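Novice: Provided below: upload_29.csv, containing CSV, C-alpha atoms.
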```csv
chain,number,residue,atom,x,y,z
H,1,MET,CA,24.6,-20.6,-13.7
H,2,GLU,CA,22.1,-20.0,-10.9
H,3,GLY,CA,23.1,-16.3,-10.9
H,4,GLU,CA,22.7,-16.0,-14.7
H,5,LEU,CA,19.3,-17.7,-14.8
H,6,ALA,CA,18.1,-15.5,-11.9
H,7,HIS,CA,19.1,-12.4,-13.9
H,8,ILE,CA,17.3,-13.6,-17.0
H,9,GLY,CA,14.2,-14.3,-14.9
H,10,ALA,CA,14.5,-10.8,-13.5
H,11,GLY,CA,14.6,-9.3,-17.0
H,12,LEU,CA,11.5,-11.3,-18.0
H,13,ALA,CA,9.7,-10.1,-14.9
H,14,GLY,CA,10.5,-6.5,-16.0
H,15,LEU,CA,8.2,-7.2,-19.0
H,16,GLY,CA,5.4,-7.7,-16.6
H,17,THR,CA,5.9,-4.3,-15.1
H,18,GLY,CA,5.7,-2.8,-18.6
H,19,LEU,CA,2.4,-4.5,-19.2
H,20,ALA,CA,1.1,-3.1,-16.0
H,21,ALA,CA,1.9,0.4,-17.3
H,22,LEU,CA,-0.4,-0.5,-20.3
H,23,GLY,CA,-3.1,-1.5,-17.9
H,24,VAL,CA,-2.9,1.6,-15.7
H,25,GLY,CA,-2.9,3.8,-18.9
H,26,ASN,CA,-6.0,2.0,-20.0
H,27,VAL,CA,-7.9,2.8,-16.8
H,28,ALA,CA,-6.8,6.4,-16.8
H,29,ALA,CA,-7.6,6.9,-20.5
H,30,ASN,CA,-11.1,5.5,-20.1
H,31,PHE,CA,-11.7,7.7,-17.1
H,32,LEU,CA,-10.4,10.8,-19.0
H,33,ALA,CA,-12.6,10.0,-22.0
H,34,GLY,CA,-15.7,9.6,-19.8
H,35,ALA,CA,-14.8,12.7,-17.8
H,36,LEU,CA,-14.5,14.9,-20.8
H,37,ARG,CA,-17.9,13.7,-22.1
H,38,ASN,CA,-19.6,14.2,-18.7
H,39,PRO,CA,-17.6,16.6,-16.6
H,40,SER,CA,-20.1,17.0,-13.8
H,41,ALA,CA,-20.2,13.3,-13.1
H,42,ALA,CA,-16.4,13.0,-13.2
H,43,ALA,CA,-15.8,14.4,-9.8
H,44,SER,CA,-17.9,11.7,-8.1
H,45,GLN,CA,-15.9,8.9,-9.7
H,46,THR,CA,-12.4,10.0,-8.8
H,47,ALA,CA,-12.5,7.4,-5.9
H,48,THR,CA,-13.3,4.7,-8.4
H,49,LEU,CA,-10.5,5.9,-10.6
H,50,PHE,CA,-8.0,5.6,-7.8
H,51,ILE,CA,-9.2,2.2,-6.9
H,52,GLY,CA,-8.9,1.0,-10.5
H,53,ILE,CA,-5.4,2.4,-10.9
H,54,ALA,CA,-4.4,0.8,-7.6
H,55,PHE,CA,-5.6,-2.6,-8.7
H,56,ALA,CA,-3.9,-2.4,-12.0
H,57,GLU,CA,-0.7,-1.1,-10.5
H,58,ALA,CA,-0.6,-3.7,-7.8
H,59,LEU,CA,-0.2,-6.5,-10.3
H,60,GLY,CA,2.7,-4.6,-11.9
H,61,ILE,CA,4.2,-4.2,-8.4
H,62,PHE,CA,3.9,-8.0,-7.8
H,63,SER,CA,5.9,-8.5,-11.0
H,64,PHE,CA,8.5,-5.9,-10.0
H,65,LEU,CA,8.8,-7.6,-6.7
H,66,VAL,CA,9.6,-10.9,-8.4
H,67,ALA,CA,12.3,-9.1,-10.3
H,68,LEU,CA,13.8,-7.6,-7.2
H,69,LEU,CA,13.6,-10.9,-5.3
H,70,LEU,CA,15.4,-12.7,-8.2
H,71,MET,CA,18.1,-10.0,-8.4
H,72,PHE,CA,18.9,-9.6,-4.8
H,73,ALA,CA,17.5,-12.4,-2.7
H,74,VAL,CA,18.3,-15.5,-4.8
G,1,MET,CA,21.5,-12.7,4.1
G,2,ALA,CA,21.8,-13.3,0.4
G,3,SER,CA,21.5,-9.6,-0.5
G,4,GLU,CA,24.8,-8.9,1.3
G,5,ALA,CA,26.6,-11.8,-0.3
G,6,GLN,CA,25.5,-11.0,-3.8
G,7,GLY,CA,25.4,-7.2,-4.4
G,8,ALA,CA,25.3,-6.0,-8.0
G,9,LYS,CA,28.7,-5.1,-9.3
G,10,GLU,CA,28.5,-1.9,-11.4
G,11,GLY,CA,31.8,-1.1,-13.0
G,12,GLY,CA,33.7,-1.6,-9.8
G,13,LEU,CA,31.0,-0.6,-7.4
G,14,GLU,CA,29.1,-2.9,-5.2
G,15,PHE,CA,25.8,-1.7,-3.9
G,16,HIS,CA,23.1,-3.4,-1.9
G,17,PRO,CA,19.8,-1.7,-2.5
G,18,MET,CA,17.9,-4.1,-0.3
G,19,ASP,CA,20.0,-3.6,2.7
G,20,GLN,CA,17.9,-0.6,3.8
G,21,PHE,CA,15.1,-3.1,4.7
G,22,ILE,CA,17.1,-5.1,7.1
G,23,VAL,CA,15.6,-5.2,10.7
G,24,LYS,CA,18.3,-4.4,13.2
G,25,PRO,CA,18.1,-4.4,17.0
G,26,LEU,CA,18.7,-0.9,18.3
G,27,PHE,CA,20.6,-1.7,21.4
G,28,GLY,CA,23.2,-4.1,20.2
G,29,GLY,CA,23.0,-7.8,20.3
G,30,ASP,CA,22.4,-10.0,17.3
G,31,GLU,CA,19.3,-11.9,17.9
G,32,ILE,CA,15.8,-10.6,17.4
G,33,ALA,CA,13.1,-12.0,19.7
G,34,TRP,CA,9.6,-10.7,19.9
G,35,TYR,CA,10.5,-8.3,22.7
G,36,THR,CA,13.7,-6.9,21.1
G,37,ILE,CA,13.6,-3.1,20.4
G,38,THR,CA,14.5,-2.8,16.8
G,39,ASN,CA,14.5,0.0,14.3
G,40,VAL,CA,11.0,-1.1,13.3
G,41,THR,CA,9.9,-0.4,16.9
G,42,LEU,CA,11.6,3.0,16.8
G,43,TRP,CA,9.9,4.1,13.6
G,44,MET,CA,6.5,2.8,14.6
G,45,ALA,CA,6.8,4.7,17.9
G,46,LEU,CA,7.8,7.8,16.0
G,47,ALA,CA,4.7,7.4,13.7
G,48,VAL,CA,2.5,7.1,16.8
G,49,ILE,CA,4.1,10.1,18.4
G,50,GLY,CA,3.7,12.1,15.2
G,51,ILE,CA,0.0,11.2,15.0
G,52,THR,CA,-0.6,12.0,18.7
G,53,ALA,CA,1.2,15.3,18.2
G,54,MET,CA,-0.9,16.3,15.3
G,55,MET,CA,-4.3,15.0,16.2
G,56,VAL,CA,-4.3,15.0,20.0
G,57,ILE,CA,-2.1,17.9,21.0
G,58,GLY,CA,-2.8,19.9,17.9
G,59,THR,CA,-6.6,19.9,18.5
G,60,SER,CA,-6.5,20.0,22.2
G,61,ARG,CA,-7.3,23.7,22.4
G,62,ARG,CA,-10.4,23.3,20.1
G,63,ALA,CA,-10.1,26.8,18.9
G,64,MET,CA,-12.9,28.2,16.7
G,65,ILE,CA,-10.2,29.6,14.4
G,66,PRO,CA,-8.0,26.5,14.0
G,67,SER,CA,-4.3,26.6,14.3
G,68,ARG,CA,-2.3,24.9,11.5
G,69,SER,CA,-2.1,21.5,13.3
G,70,GLN,CA,-5.7,21.6,14.2
G,71,SER,CA,-6.8,22.4,10.7
G,72,ILE,CA,-4.8,19.6,9.2
G,73,GLY,CA,-6.2,17.2,11.7
G,74,GLU,CA,-9.7,18.4,10.9
G,75,LEU,CA,-9.1,18.0,7.2
G,76,ALA,CA,-7.9,14.5,7.7
G,77,TYR,CA,-10.9,13.7,10.0
G,78,GLY,CA,-13.4,15.1,7.5
G,79,PHE,CA,-11.8,13.4,4.5
G,80,ILE,CA,-11.9,10.0,6.1
G,81,TYR,CA,-15.3,10.5,7.7
G,82,LYS,CA,-16.8,11.4,4.3
G,83,MET,CA,-15.1,8.4,2.7
G,84,VAL,CA,-16.4,6.0,5.2
G,85,GLU,CA,-19.9,7.5,5.0
G,86,ASP,CA,-20.0,7.6,1.2
G,87,VAL,CA,-18.4,4.2,0.5
G,88,ALA,CA,-19.6,2.0,3.4
G,89,GLY,CA,-22.8,3.7,4.3
G,90,LYS,CA,-24.1,5.4,7.4
G,91,ASP,CA,-24.1,2.3,9.6
G,92,ALA,CA,-20.4,1.9,9.0
G,93,VAL,CA,-19.7,5.1,10.8
G,94,LYS,CA,-19.2,3.2,14.1
G,95,PHE,CA,-16.1,1.7,12.5
G,96,PHE,CA,-14.7,5.1,11.8
G,97,PRO,CA,-12.1,5.1,14.6
G,98,TYR,CA,-10.6,1.9,13.3
G,99,ILE,CA,-10.4,3.1,9.7
G,100,MET,CA,-9.0,6.5,10.8
G,101,THR,CA,-6.3,4.7,12.8
G,102,LEU,CA,-5.4,2.6,9.8
G,103,PHE,CA,-5.2,5.6,7.5
G,104,MET,CA,-3.2,7.8,9.9
G,105,PHE,CA,-0.8,5.0,10.7
G,106,ILE,CA,-0.1,4.1,7.1
G,107,VAL,CA,0.2,7.8,6.0
G,108,PHE,CA,2.6,8.6,8.8
G,109,ALA,CA,4.6,5.5,8.4
G,110,ASN,CA,4.9,6.1,4.7
G,111,PHE,CA,5.8,9.7,5.0
G,112,LEU,CA,8.3,9.1,7.8
G,113,GLY,CA,10.0,6.6,5.5
G,114,LEU,CA,10.7,9.4,3.1
G,115,LEU,CA,13.0,11.1,5.4
G,116,PRO,CA,16.6,10.4,4.5
G,117,MET,CA,18.3,7.7,6.5
G,118,SER,CA,15.0,6.5,7.9
G,119,PHE,CA,13.3,3.1,7.9
G,120,THR,CA,9.9,2.5,6.4
G,121,THR,CA,7.9,0.1,8.6
G,122,THR,CA,5.2,-0.4,6.0
G,123,SER,CA,7.6,-1.7,3.5
G,124,HIS,CA,7.8,-5.0,5.4
G,125,PHE,CA,5.3,-7.7,4.6
G,126,ALA,CA,5.1,-8.6,8.3
G,127,VAL,CA,3.6,-5.2,9.1
G,128,THR,CA,1.2,-4.9,6.2
G,129,ILE,CA,0.0,-8.5,6.4
G,130,THR,CA,-0.9,-7.9,10.0
G,131,LEU,CA,-2.9,-4.8,9.1
G,132,ALA,CA,-4.6,-6.6,6.2
G,133,LEU,CA,-5.3,-9.8,8.2
G,134,LEU,CA,-6.9,-7.8,11.0
G,135,VAL,CA,-9.1,-6.0,8.4
G,136,PHE,CA,-10.1,-9.4,6.9
G,137,VAL,CA,-10.9,-11.0,10.3
G,138,THR,CA,-12.8,-7.9,11.4
G,139,VAL,CA,-14.8,-7.7,8.2
G,140,THR,CA,-15.7,-11.5,8.2
G,141,VAL,CA,-16.7,-11.4,11.9
G,142,VAL,CA,-18.8,-8.3,11.4
G,143,GLY,CA,-20.4,-9.9,8.4
G,144,PHE,CA,-21.4,-13.0,10.3
G,145,VAL,CA,-22.5,-11.2,13.4
G,146,LYS,CA,-24.7,-8.8,11.6
G,147,ASN,CA,-26.1,-11.0,8.9
G,148,GLY,CA,-25.8,-14.5,10.2
G,149,ALA,CA,-25.8,-17.2,7.6
G,150,ALA,CA,-27.1,-14.7,5.0
G,151,PHE,CA,-23.6,-13.4,4.8
G,152,LEU,CA,-22.8,-16.4,2.6
G,153,GLY,CA,-25.2,-14.8,0.1
G,154,LEU,CA,-22.1,-12.7,-0.9
G,155,PHE,CA,-20.8,-15.7,-2.8
G,156,TRP,CA,-24.1,-16.6,-4.5
G,157,VAL,CA,-24.3,-14.4,-7.6
G,158,SER,CA,-28.0,-14.2,-8.2
G,159,SER,CA,-27.6,-12.1,-11.3
G,160,ALA,CA,-26.0,-15.1,-13.2
G,161,PRO,CA,-27.7,-18.0,-14.8
G,162,LEU,CA,-28.4,-20.9,-12.4
G,163,ALA,CA,-26.0,-23.3,-14.0
G,164,LEU,CA,-23.1,-21.0,-13.6
G,165,ARG,CA,-23.7,-20.2,-10.0
G,166,PRO,CA,-21.7,-23.0,-8.3
G,167,ILE,CA,-18.7,-22.3,-10.4
G,168,LEU,CA,-19.0,-18.6,-9.7
G,169,ALA,CA,-19.4,-19.4,-6.0
G,170,VAL,CA,-16.1,-21.2,-6.0
G,171,ILE,CA,-14.4,-18.3,-7.8
G,172,GLU,CA,-16.0,-15.8,-5.4
G,173,VAL,CA,-14.8,-17.7,-2.3
G,174,ILE,CA,-11.3,-17.9,-3.7
G,175,SER,CA,-11.3,-14.2,-4.5
G,176,TYR,CA,-12.6,-13.4,-1.1
G,177,PHE,CA,-9.7,-15.2,0.6
G,178,VAL,CA,-7.2,-13.6,-1.8
G,179,ARG,CA,-8.3,-10.2,-0.6
G,180,PRO,CA,-6.0,-9.9,2.4
G,181,VAL,CA,-3.1,-11.2,0.2
G,182,SER,CA,-3.5,-8.5,-2.4
G,183,HIS,CA,-4.4,-5.9,0.2
G,184,SER,CA,-1.2,-6.4,2.0
G,185,ILE,CA,1.1,-7.0,-0.9
G,186,ARG,CA,-0.1,-3.9,-2.7
G,187,LEU,CA,1.0,-1.6,0.1
G,188,ALA,CA,4.2,-3.3,1.0
G,189,GLY,CA,5.2,-3.9,-2.6
G,190,ASN,CA,4.6,-0.3,-3.7
G,191,VAL,CA,6.5,1.2,-0.8
G,192,MET,CA,9.4,-1.3,-1.0
G,193,ALA,CA,9.7,-1.0,-4.8
G,194,GLY,CA,9.8,2.8,-4.6
G,195,HIS,CA,12.5,2.8,-2.0
G,196,ALA,CA,14.5,0.1,-3.7
G,197,VAL,CA,14.4,2.1,-7.0
G,198,ILE,CA,15.6,5.2,-5.3
G,199,LYS,CA,18.5,3.3,-3.7
G,200,VAL,CA,19.4,1.8,-7.1
G,201,PHE,CA,19.5,5.2,-8.7
G,202,ALA,CA,21.5,6.5,-5.8
G,203,GLY,CA,24.0,3.7,-6.4
G,204,PHE,CA,24.5,5.0,-9.9
G,205,ALA,CA,25.3,8.5,-8.5
G,206,ALA,CA,28.7,7.2,-7.5
G,207,LEU,CA,29.7,7.0,-11.2
G,208,ALA,CA,30.8,10.5,-12.2
G,209,VAL,CA,29.6,10.1,-15.7
G,210,VAL,CA,26.0,9.5,-14.9
G,211,SER,CA,25.7,11.2,-11.6
G,212,PRO,CA,23.8,14.4,-12.7
G,213,LEU,CA,21.3,12.2,-14.5
G,214,SER,CA,21.1,10.0,-11.5
G,215,ILE,CA,20.4,12.9,-9.1
G,216,VAL,CA,17.6,14.1,-11.4
G,217,ALA,CA,16.2,10.6,-11.5
G,218,ILE,CA,16.3,10.4,-7.7
G,219,THR,CA,14.4,13.6,-7.4
G,220,ALA,CA,11.8,12.5,-9.8
G,221,MET,CA,11.3,9.1,-8.1
G,222,TYR,CA,11.2,10.9,-4.7
G,223,GLY,CA,8.3,13.0,-6.0
G,224,LEU,CA,6.5,9.9,-7.2
G,225,GLU,CA,7.2,8.3,-3.8
G,226,VAL,CA,5.5,11.2,-2.0
G,227,LEU,CA,2.5,10.7,-4.2
G,228,VAL,CA,2.5,6.9,-3.8
G,229,ALA,CA,2.8,7.2,0.0
G,230,PHE,CA,-0.4,9.2,0.2
G,231,ILE,CA,-2.2,7.2,-2.6
G,232,GLN,CA,-1.4,3.8,-1.1
G,233,ALA,CA,-2.7,4.9,2.3
G,234,TYR,CA,-5.8,6.2,0.7
G,235,VAL,CA,-6.3,3.0,-1.4
G,236,PHE,CA,-5.7,0.7,1.6
G,237,THR,CA,-8.4,2.7,3.5
G,238,ILE,CA,-10.9,2.9,0.8
G,239,LEU,CA,-10.6,-0.8,0.1
G,240,THR,CA,-11.2,-1.5,3.8
G,241,CYS,CA,-14.4,0.6,3.5
G,242,VAL,CA,-15.4,-1.4,0.4
G,243,TYR,CA,-14.9,-4.7,2.2
G,244,LEU,CA,-16.8,-3.3,5.2
G,245,LYS,CA,-19.7,-2.4,2.9
G,246,ASP,CA,-19.7,-5.9,1.5
G,247,ALA,CA,-19.8,-7.3,5.0
G,248,LEU,CA,-22.6,-5.0,6.2
G,249,HIS,CA,-24.8,-5.3,3.1
G,250,PRO,CA,-23.9,-8.6,1.4
G,251,SER,CA,-25.7,-8.6,-1.9
G,252,HIS,CA,-24.8,-9.6,-5.4
```
So, in terms of C-alpha cells, how does the structure I just supplied come out?
Specialist:
Amino acid sequence: MEGELAHIGAGLAGLGTGLAALGVGNVAANFLAGALRNPSAAASQTATLFIGIAFAEALGIFSFLVALLLMFAV
Amino acid sequence: MASEAQGAKEGGLEFHPMDQFIVKPLFGGDEIAWYTITNVTLWMALAVIGITAMMVIGTSRRAMIPSRSQSIGELAYGFIYKMVEDVAGKDAVKFFPYIMTLFMFIVFANFLGLLPMSFTTTSHFAVTITLALLVFVTVTVVGFVKNGAAFLGLFWVSSAPLALRPILAVIEVISYFVRPVSHSIRLAGNVMAGHAVIKVFAGFAALAVVSPLSIVAITAMYGLEVLVAFIQAYVFTILTCVYLKDALHPSH
C-alpha cells in the first residue's frame, strides 16, 4: 500500500513539472514578443531572460525532485 | 539505502537510477567520516586541477597572441567580469575573485559530471547548500558592514502604501531567508534531475524493443544536460551578483 501510494504521489508530482513547462514558455514567449518589437533592446535583456527562465524552471525541478524522491527513496 | 532495496522493475529488469549519487569511500572501508577520501573528494580535486590547468598554467605565458587555453581563460574572465560590473556595479568588482571561483567551480564540476562513469559533485545538496549558504552569509555580512542598520531598509518597501508596509516587510524577510534554499536547490535539483533522467532512459535501453528510441532519447537529454550545466552555473553566479547588489545598495 505504501509503495502504491508513493507511486500515485509521484505521478501527481509529474503534473507539477508540466505546469513548470507552461511557466517557462510564458517567460520565453513574452521575451520573444518584446524582442521582435524592439530588437535593439533585446540584447541587453538576455540576462534577465535567463534569470526568469531559471526561476520558473527551479520550481518545476522542485516538483520533479518530489517525484524522484517518492519513486526511489520512499 | 531505500533506493537499492526498491528499484523499479521494468519487464524483468531492475534498475536503480539513483545509485549513481551514492557517496562511496575510495580506499575501501564502509564508514564515511569527515576525513574519508570519497569519490566526492576525487571529483572535486579533479575540478580544481582542471581549473588550475586552464586558468593558471594556460595563461602562465601571457602571450600577446593567446594560445587556446589562454583565450578560453580570458573569455571566461571577461564574461564574468562584465557580468559582475553590469549587475552588481563598479564597487562590487572587489568581490570578483569570489564570484569567479564560484562560477569556475560549478562549471567544471557540472561538465566533469557529464563524462561517462563520473560523479557529479554539484548534484549533492550538501555541496550546493554549502556554496549557497556561504553566499548568503557573505552578502548579509557585507550588507551590514557597508550600510549598518540602513541595510534593513531592504525590507521596508517605500513604494507601497503605509498600511501595507508591515505585511510586506514580513514577506520580504521570509523571501530573503528563502534565498539560500532556492539558490541551492535550483542547482542541485537541475543537475540531479538531468542525470537521473539519463540513467532512467539508459535503463530502458536494455529492452531490445525500445533501445534505438532510448539511445536517441539519451543523446537528446545529454545535449540538454550540456546546456543546463552551463546555464545553471551562469544563473547561480548571476543571482549571486544580484544578491550582492542588493547588499551593497539596499533600496526598494
Novice: As a list of chain:residue names, please: the residues near Trp156 of chain G (cut-off 10 Å, only C-alpha atoms, same-chain neighbours under 6 positions excluded).
Specialist: G:Leu162, G:Arg165, G:Pro166, G:Ile167, G:Leu168, G:Ala169, G:Val170, G:Glu172, G:Val173, G:Pro250, G:Ser251, G:His252
Novice: Wanna dump the chain G-chain H contacts at 12 Å for me, each residue with its shortest atom pair and the distance in Å to one decimal, counting only C-alpha atoms, ordered by chain and number, as CSV?
Specialist:
```
residue,atom,partner,partner_atom,distance
G:Met1,CA,H:Ala73,CA,7.9
G:Ala2,CA,H:Ala73,CA,5.4
G:Ser3,CA,H:Phe72,CA,5.0
G:Glu4,CA,H:Phe72,CA,8.5
G:Ala5,CA,H:Phe72,CA,9.2
G:Gln6,CA,H:Phe72,CA,6.8
G:Gly7,CA,H:Phe72,CA,6.9
G:Ala8,CA,H:Phe72,CA,8.0
G:Lys9,CA,H:Phe72,CA,11.7
G:Phe15,CA,H:Phe72,CA,10.5
G:His16,CA,H:Phe72,CA,8.0
G:Pro17,CA,H:Phe72,CA,8.3
G:Met18,CA,H:Phe72,CA,7.2
G:Asp19,CA,H:Phe72,CA,9.7
G:Lys82,CA,H:Ala47,CA,11.8
G:Met83,CA,H:Ala47,CA,9.0
G:Val84,CA,H:Ala47,CA,11.8
G:Asp86,CA,H:Ala47,CA,10.3
G:Val87,CA,H:Ala47,CA,9.3
G:Ser123,CA,H:Leu65,CA,11.8
G:Phe125,CA,H:Leu65,CA,11.8
G:Arg179,CA,H:Phe55,CA,11.4
G:Val181,CA,H:Phe62,CA,11.1
G:Ser182,CA,H:Ala58,CA,7.8
G:His183,CA,H:Ala58,CA,9.1
G:Ser184,CA,H:Ala58,CA,10.2
G:Ile185,CA,H:Phe62,CA,7.5
G:Arg186,CA,H:Ala58,CA,5.1
G:Leu187,CA,H:Ala58,CA,8.3
G:Ala188,CA,H:Ile61,CA,9.4
G:Gly189,CA,H:Ile61,CA,5.9
G:Asn190,CA,H:Ile61,CA,6.1
G:Val191,CA,H:Ile61,CA,9.6
G:Met192,CA,H:Leu65,CA,8.5
G:Ala193,CA,H:Leu65,CA,6.9
G:Gly194,CA,H:Ile61,CA,9.7
G:His195,CA,H:Leu68,CA,11.7
G:Ala196,CA,H:Leu68,CA,8.5
G:Val197,CA,H:Leu68,CA,9.7
G:Val200,CA,H:Leu68,CA,10.9
G:Val228,CA,H:Ala54,CA,10.0
G:Phe230,CA,H:Phe50,CA,11.6
G:Ile231,CA,H:Phe50,CA,8.0
G:Gln232,CA,H:Ala54,CA,7.8
G:Ala233,CA,H:Ala54,CA,10.8
G:Tyr234,CA,H:Phe50,CA,8.8
G:Val235,CA,H:Ile51,CA,6.3
G:Phe236,CA,H:Ala54,CA,9.3
G:Thr237,CA,H:Ile51,CA,10.4
G:Ile238,CA,H:Ile51,CA,7.9
G:Leu239,CA,H:Ile51,CA,7.7
G:Thr240,CA,H:Ile51,CA,11.5
G:Cys241,CA,H:Ile51,CA,11.7
G:Val242,CA,H:Ile51,CA,10.2
```
Novice: So, counting only C-alpha atoms, which residue among G:Leu115, G:Ile80, G:Ala205, G:Val56 is closest to Phe95 of chain G?
Specialist: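 Under the stated criterion, the closest residue is G:Ile80.
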Novice: Pick from G:Ala109, G:Val210, G:Val23, G:Val145: nearest to Thr121 of chain G, with all atoms listed in the file counted?
Specialist: G:Ala109
Novice: What is the distance, in Å and to one decimal place, between atom CA of Asn30 of chain H and atom CA of Thr46 of chain H?
Specialist: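 Distance reported for this atom pair: 12.2 Å.
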Novice: May I ask for the distance between atom CA of Gly23 of chain H and atom CA of Ser175 of chain G, given in Å to one decimal place?
Specialist: 20.2 Å
Novice: Figure out the distance between atom CA of Val209 of chain G and atom CA of Ala10 of chain H, please, to one decimal in Å.
Specialist: 25.9 Å
Novice: Given only C-alpha atoms as the basis, pick out the residue of H:Leu70, H:Ala56, H:Phe31, H:Gln45 nearest to Thr17 of chain H.
Specialist: H:Ala56
